[in-house]
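Chemist: Next up, work19.txt (compact mmCIF, C-alpha atoms).
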# COMPACT_ATOMS: atom_id res chain seq x y z
CA MET A 1 -271.65 2.12 -133.65
CA LEU A 2 -273.34 5.52 -133.22
CA ARG A 3 -272.29 6.50 -136.73
CA ILE A 4 -273.99 3.44 -138.20
CA LEU A 5 -277.12 4.05 -136.11
CA GLY A 6 -277.19 7.71 -137.21
CA VAL A 7 -276.89 6.78 -140.87
CA LEU A 8 -279.65 4.18 -140.48
CA ILE A 9 -281.91 6.86 -138.94
CA VAL A 10 -281.16 9.18 -141.87
CA LEU A 11 -281.89 6.42 -144.40
CA ALA A 12 -285.13 5.48 -142.64
CA SER A 13 -286.21 9.14 -142.65
CA LEU A 14 -285.51 9.42 -146.37
CA ALA A 15 -287.33 6.16 -147.07
CA PHE A 16 -290.29 7.50 -145.07
CA ALA A 17 -290.45 10.58 -147.30
CA ALA A 18 -289.88 8.58 -150.49
CA GLY A 19 -292.62 6.12 -149.50
CA ASP A 20 -295.12 8.97 -149.44
CA ARG A 21 -294.14 9.97 -152.99
CA LEU A 22 -294.01 6.40 -154.30
CA GLN A 23 -297.59 5.86 -153.15
CA SER A 24 -298.66 8.83 -155.26
CA GLY A 25 -297.59 7.04 -158.45
CA ILE A 26 -293.98 8.13 -158.96
CA GLY A 27 -291.82 5.31 -160.31
CA LEU A 28 -289.13 3.62 -158.21
CA TRP A 29 -286.45 4.97 -160.55
CA ALA A 30 -287.20 8.55 -159.38
CA PRO A 31 -285.59 8.21 -155.91
CA LEU A 32 -282.92 5.81 -157.22
CA LEU A 33 -281.37 8.37 -159.59
CA PRO A 34 -280.66 10.92 -156.82
CA PHE A 35 -279.35 8.04 -154.68
CA VAL A 36 -276.84 7.12 -157.40
CA SER A 37 -276.00 10.79 -157.88
CA GLY A 38 -275.39 11.21 -154.15
CA SER A 39 -273.19 8.13 -154.08
CA LEU A 40 -271.09 9.52 -156.91
CA THR A 41 -270.97 12.92 -155.18
CA SER A 42 -269.37 11.33 -152.11
CA VAL A 43 -266.69 9.77 -154.33
CA GLN A 44 -266.16 13.16 -155.98
CA GLN A 45 -265.78 14.83 -152.58
CA ALA A 46 -263.22 12.25 -151.48
CA PHE A 47 -261.22 12.72 -154.70
CA ASN A 48 -261.37 16.52 -154.33
CA GLY A 49 -260.14 16.16 -150.75
CA HIS A 50 -257.20 14.06 -151.92
CA ILE A 51 -256.33 16.62 -154.62
CA ARG A 52 -256.52 19.43 -152.06
CA ALA A 53 -254.30 17.50 -149.64
CA ALA A 54 -251.74 16.81 -152.36
CA THR A 55 -251.68 20.39 -153.68
CA ARG A 56 -252.59 22.21 -150.45
CA SER A 57 -254.96 24.37 -152.49
CA ALA A 58 -258.74 24.39 -152.66
CA VAL A 59 -258.50 26.52 -155.81
CA VAL A 60 -256.44 23.86 -157.60
CA ALA A 61 -258.80 21.08 -156.48
CA THR A 62 -261.87 23.05 -157.60
CA THR A 63 -260.26 23.92 -160.93
CA VAL A 64 -259.28 20.29 -161.56
CA ASN A 65 -262.83 19.22 -160.68
CA PHE A 66 -264.45 21.58 -163.17
CA THR A 67 -261.84 21.02 -165.88
CA VAL A 68 -262.33 17.25 -165.77
CA GLY A 69 -266.11 17.75 -165.62
CA PHE A 70 -266.00 20.04 -168.66
CA LEU A 71 -263.92 17.50 -170.59
CA ALA A 72 -266.42 14.77 -169.63
CA LEU A 73 -269.26 16.96 -170.97
CA ILE A 74 -267.43 17.47 -174.26
CA ILE A 75 -266.74 13.74 -174.63
CA GLY A 76 -270.33 12.87 -173.69
CA THR A 77 -271.69 15.38 -176.19
CA LEU A 78 -269.46 14.00 -178.94
CA VAL A 79 -270.60 10.45 -178.18
CA LEU A 80 -274.24 11.53 -178.36
CA LEU A 81 -273.67 13.35 -181.66
CA VAL A 82 -271.88 10.33 -183.16
CA THR A 83 -274.75 8.05 -182.14
CA GLY A 84 -277.18 10.25 -184.06
CA ILE A 85 -278.79 12.38 -181.38
CA PRO A 86 -279.27 15.83 -182.96
CA TRP A 87 -277.88 19.03 -181.50
CA ARG A 88 -280.75 21.32 -180.53
CA SER A 89 -278.67 24.47 -179.87
CA PHE A 90 -278.25 26.37 -176.65
CA PRO A 91 -281.37 27.95 -175.18
CA SER A 92 -281.84 31.66 -175.66
CA ALA A 93 -281.08 33.97 -172.76
CA PRO A 94 -283.72 33.41 -170.11
CA ASP A 95 -286.00 36.20 -168.96
CA GLN A 96 -285.04 35.36 -165.39
CA TRP A 97 -281.26 35.96 -165.53
CA TRP A 98 -280.78 34.77 -161.95
CA ILE A 99 -281.42 31.13 -162.89
CA LEU A 100 -277.97 31.13 -164.49
CA LEU A 101 -276.47 31.51 -161.00
CA GLY A 102 -276.80 27.73 -160.54
CA GLY A 103 -273.40 27.28 -162.18
CA ALA A 104 -271.80 29.81 -159.85
CA PHE A 105 -273.42 28.12 -156.86
CA GLY A 106 -271.94 24.84 -158.09
CA VAL A 107 -268.44 26.33 -158.04
CA VAL A 108 -268.99 27.62 -154.49
CA PHE A 109 -270.35 24.22 -153.42
CA ILE A 110 -267.33 22.35 -154.79
CA ALA A 111 -264.89 24.85 -153.27
CA LEU A 112 -266.55 24.65 -149.83
CA THR A 113 -266.72 20.85 -149.83
CA THR A 114 -263.10 20.65 -150.97
CA VAL A 115 -262.06 22.74 -147.97
CA THR A 116 -264.24 20.94 -145.43
CA VAL A 117 -263.92 17.28 -146.48
CA ALA A 118 -260.51 16.96 -144.83
CA ARG A 119 -261.88 18.25 -141.52
CA LEU A 120 -265.24 16.47 -141.47
CA GLY A 121 -264.67 13.38 -143.58
CA VAL A 122 -266.91 12.29 -146.42
CA LEU A 123 -269.68 10.88 -144.20
CA LEU A 124 -270.26 13.98 -142.06
CA LEU A 125 -269.79 16.29 -145.04
CA SER A 126 -272.42 14.33 -146.95
CA LEU A 127 -274.84 14.33 -144.00
CA PHE A 128 -274.49 18.07 -143.39
CA ALA A 129 -274.81 18.78 -147.13
CA LEU A 130 -277.93 16.60 -147.22
CA PHE A 131 -279.47 18.51 -144.33
CA GLY A 132 -278.53 21.82 -145.99
CA ASN A 133 -280.26 20.59 -149.16
CA LEU A 134 -283.36 19.68 -147.14
CA VAL A 135 -283.55 23.04 -145.37
CA GLY A 136 -282.99 24.93 -148.63
CA ALA A 137 -285.54 22.80 -150.47
CA LEU A 138 -288.15 23.25 -147.74
CA ALA A 139 -287.59 27.02 -147.78
CA LEU A 140 -287.92 27.14 -151.57
CA ASP A 141 -291.02 24.92 -151.55
CA VAL A 142 -292.66 27.20 -148.98
CA LEU A 143 -291.52 30.58 -150.35
CA LEU A 144 -291.36 29.88 -154.12
CA PRO A 145 -293.46 26.76 -154.72
CA ILE A 146 -293.63 25.06 -158.09
CA PRO A 147 -296.24 22.49 -159.15
CA GLY A 148 -295.72 19.21 -157.28
CA SER A 149 -293.67 20.74 -154.45
CA ASP A 150 -296.15 20.19 -151.65
CA VAL A 151 -294.76 20.56 -148.15
CA THR A 152 -296.56 17.97 -146.07
CA LEU A 153 -296.23 16.74 -142.52
CA THR A 154 -294.36 13.74 -143.93
CA THR A 155 -291.81 16.08 -145.53
CA VAL A 156 -291.20 17.98 -142.30
CA LEU A 157 -291.03 14.80 -140.20
CA SER A 158 -288.56 13.29 -142.65
CA ALA A 159 -286.32 16.37 -142.46
CA ALA A 160 -286.50 16.27 -138.66
CA GLY A 161 -285.58 12.56 -138.76
CA VAL A 162 -282.54 13.36 -140.89
CA LEU A 163 -281.48 15.96 -138.31
CA VAL A 164 -281.89 13.40 -135.50
CA GLY A 165 -279.75 10.95 -137.49
CA ILE A 166 -277.04 13.57 -137.97
CA VAL A 167 -277.05 14.40 -134.24
CA VAL A 168 -276.69 10.71 -133.39
CA THR A 169 -273.87 10.40 -135.92
CA VAL A 170 -271.85 13.26 -134.42
CA LEU A 171 -272.32 12.25 -130.79
CA PRO A 172 -268.98 11.53 -129.15
CA VAL A 173 -268.25 7.87 -128.53
CA PRO A 174 -267.81 7.25 -124.80
CA ILE A 175 -264.37 5.96 -123.89
CA ARG A 176 -264.53 2.79 -121.87
CA PRO A 177 -261.93 2.16 -119.22
CA SER A 178 -259.67 -0.68 -120.22
CA SER A 179 -260.27 -3.93 -118.46
CA GLY A 180 -257.50 -6.07 -117.08
CA SER A 181 -254.85 -5.71 -114.46
CA ARG A 182 -252.27 -3.83 -116.52
CA ARG A 183 -251.63 -0.38 -115.15
CA GLU A 184 -250.81 2.57 -117.30
CA PRO A 185 -247.24 3.83 -116.88
CA ALA A 186 -246.91 6.63 -114.35
CA SER A 187 -246.20 10.11 -115.56
CA ARG A 188 -242.60 11.24 -115.23
CA THR A 189 -243.34 14.90 -114.80
Could the structure of this file be written out as structure tokens, please?

Modeler:
Amino acid sequence: MLRILGVLIVLASLAFAAGDRLQSGIGLWAPLLPFVSGSLTSVQQAFNGHIRAATRSAVVATTVNFTVGFLALIIGTLVLLVTGIPWRSFPSAPDQWWILLGGAFGVVFIALTTVTVARLGVLLLSLFALFGNLVGALALDVLLPIPGSDVTLTTVLSAAGVLVGIVVTVLPVPIRPSSGSRREPASRT
């Protein structure tokens, strides 16, 4: 029951933050796309966990993940080309070379989630990853802001609400003594 309550607190906190943005004129589709993406990410994490359990290797699971993803990109690109969408070419090397590190961070993310999903489960892994995303995003919005990345009281309260929801989710469930007259068998030691 605490897990459900914790997830509801997290969802309410996210809705609170999204409500602030929706009132500023952003379409409803904007928060729905990351929601769908997050839902698919949890499925991906579960599949990666199963591959790791079967192979006993995070490296194999990560490699399978990126190989299948690469094949999906090739197939998707071919479908787009066949439907008439023109190829625009790869962008030239950026002046800020460090922005290319996003791909390397993606590999690290998949490897870490592949290792931890078996220990935490998909729900807790997703909640902790969400909170990590929030903390990282807040830090970037404060230290390296881009247009439209205002850190407001609503943003901070929403992140704090997500943390409260995570704490509620990980609270241990109290064990109730069993009712009835049956006695537990005595120890034989």

Chemist: For CA of Asn48 (chain A) and CA of Trp98 (chain A), quote the distance in Å rounded to one decimal.

Modeler: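 CA of Trp98 (chain A) lies at a distance of 27.7 Å from CA of Asn48 (chain A).
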
Chemist: By how many Å are CA of Arg88 (chain A) and CA of Ala104 (chain A) apart?

Modeler: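 So the answer is 24.1 Å.
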
Chemist: Using Å and a single decimal, report how far CA of Ser158 (chain A) sits from CA of Leu2 (chain A).

Modeler: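 These atoms are spaced 19.5 Å apart.
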
Chemist: When distances are computed from only C-alpha atoms, which of A:Val36, A:Thr62, A:Thr155, A:Arg56 shows the smallest separation from Val142 (chain A)?

Modeler: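 Ranked by minimum distance to Val142 (chain A), first place goes to A:Thr155.
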
Chemist: Give the answer as one residue: which of A:Gln96, A:Thr113, A:Ser24, A:Ser89 has the shortest atom-to-atom distance to His50 (chain A), using only C-alpha atoms?

Modeler: A:Thr113

Chemist: Between A:Gly69, A:Leu130, A:Phe109, A:Ala139, which has the minimum distance to Gly165 (chain A) (counting all atoms listed in the file)?

Modeler: A:Leu130

Chemist: Name the closest residue to Ala17 (chain A) among the candidates A:Asn65, A:Pro31, A:Ser37, A:Pro145; distances are taken between atoms, counting only C-alpha atoms.

Modeler: A:Pro31

Chemist: Using all atoms listed in the file, pick whichever of A:Gly84, A:Ser57, A:Thr154, A:Ala159 has the shortest atom-to-atom distance to Ala137 (chain A).

Modeler: A:Ala159

Chemist: Give as a list in words the set of residues within 12 Å of the point (-286.3, 4.4, -148.6), where distances use the file's coordinates and all atoms listed in the file.

Modeler: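 Output: Leu8, Ile9, Val10, Leu11, Ala12, Ser13, Leu14, Ala15, Phe16, Ala17, Ala18, Gly19, Asp20, Arg21, Leu22, Leu28, Trp29, Ala30, Pro31, Leu32, Pro34, Phe35 and Ser158 of chain A.
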
Chemist: Nearest to Val156 (chain A) among A:Pro172, A:Leu33, A:Val108, A:Phe131, with distances taken over only C-alpha atoms: which residue is it?

Modeler: A:Phe131

Chemist: Report as a ChimeraX atom specification all protein, DNA and RNA residues lying within 12 Å of Gly132 (chain A), evaluated on all atoms listed in the file, omitting residues in the same chain fewer than 3 positions from it.

Modeler: /A:109,125-129,135-139,159,162-163,166

Chemist: Output C-alpha atoms for every residue in that selection, as a JSON list (two decimals), keeping the file's coordinate frame.

Modeler:
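Output contents, as saved in part34.json:
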[["chain", "number", "residue", "atom", "x", "y", "z"],
["A", 109, "PHE", "CA", -270.35, 24.22, -153.42],
["A", 125, "LEU", "CA", -269.79, 16.29, -145.04],
["A", 126, "SER", "CA", -272.42, 14.33, -146.95],
["A", 127, "LEU", "CA", -274.84, 14.33, -144.00],
["A", 128, "PHE", "CA", -274.49, 18.07, -143.39],
["A", 129, "ALA", "CA", -274.81, 18.78, -147.13],
["A", 135, "VAL", "CA", -283.55, 23.04, -145.37],
["A", 136, "GLY", "CA", -282.99, 24.93, -148.63],
["A", 137, "ALA", "CA", -285.54, 22.80, -150.47],
["A", 138, "LEU", "CA", -288.15, 23.25, -147.74],
["A", 139, "ALA", "CA", -287.59, 27.02, -147.78],
["A", 159, "ALA", "CA", -286.32, 16.37, -142.46],
["A", 162, "VAL", "CA", -282.54, 13.36, -140.89],
["A", 163, "LEU", "CA", -281.48, 15.96, -138.31],
["A", 166, "ILE", "CA", -277.04, 13.57, -137.97]]

Chemist: Hey, what's within 8 Å of region 114-118 of chain A if we count all atoms listed in the file and toss same-chain stuff fewer than 4 positions away? As a list in words, please?

Modeler: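 Skipping anything fewer than 4 positions along the chain leaves Gln45, Ala46, Asn48, Gly49, Arg52, Ala53, Ala58, Ala61, Thr62, Ile110, Val122 and Leu125 of chain A.
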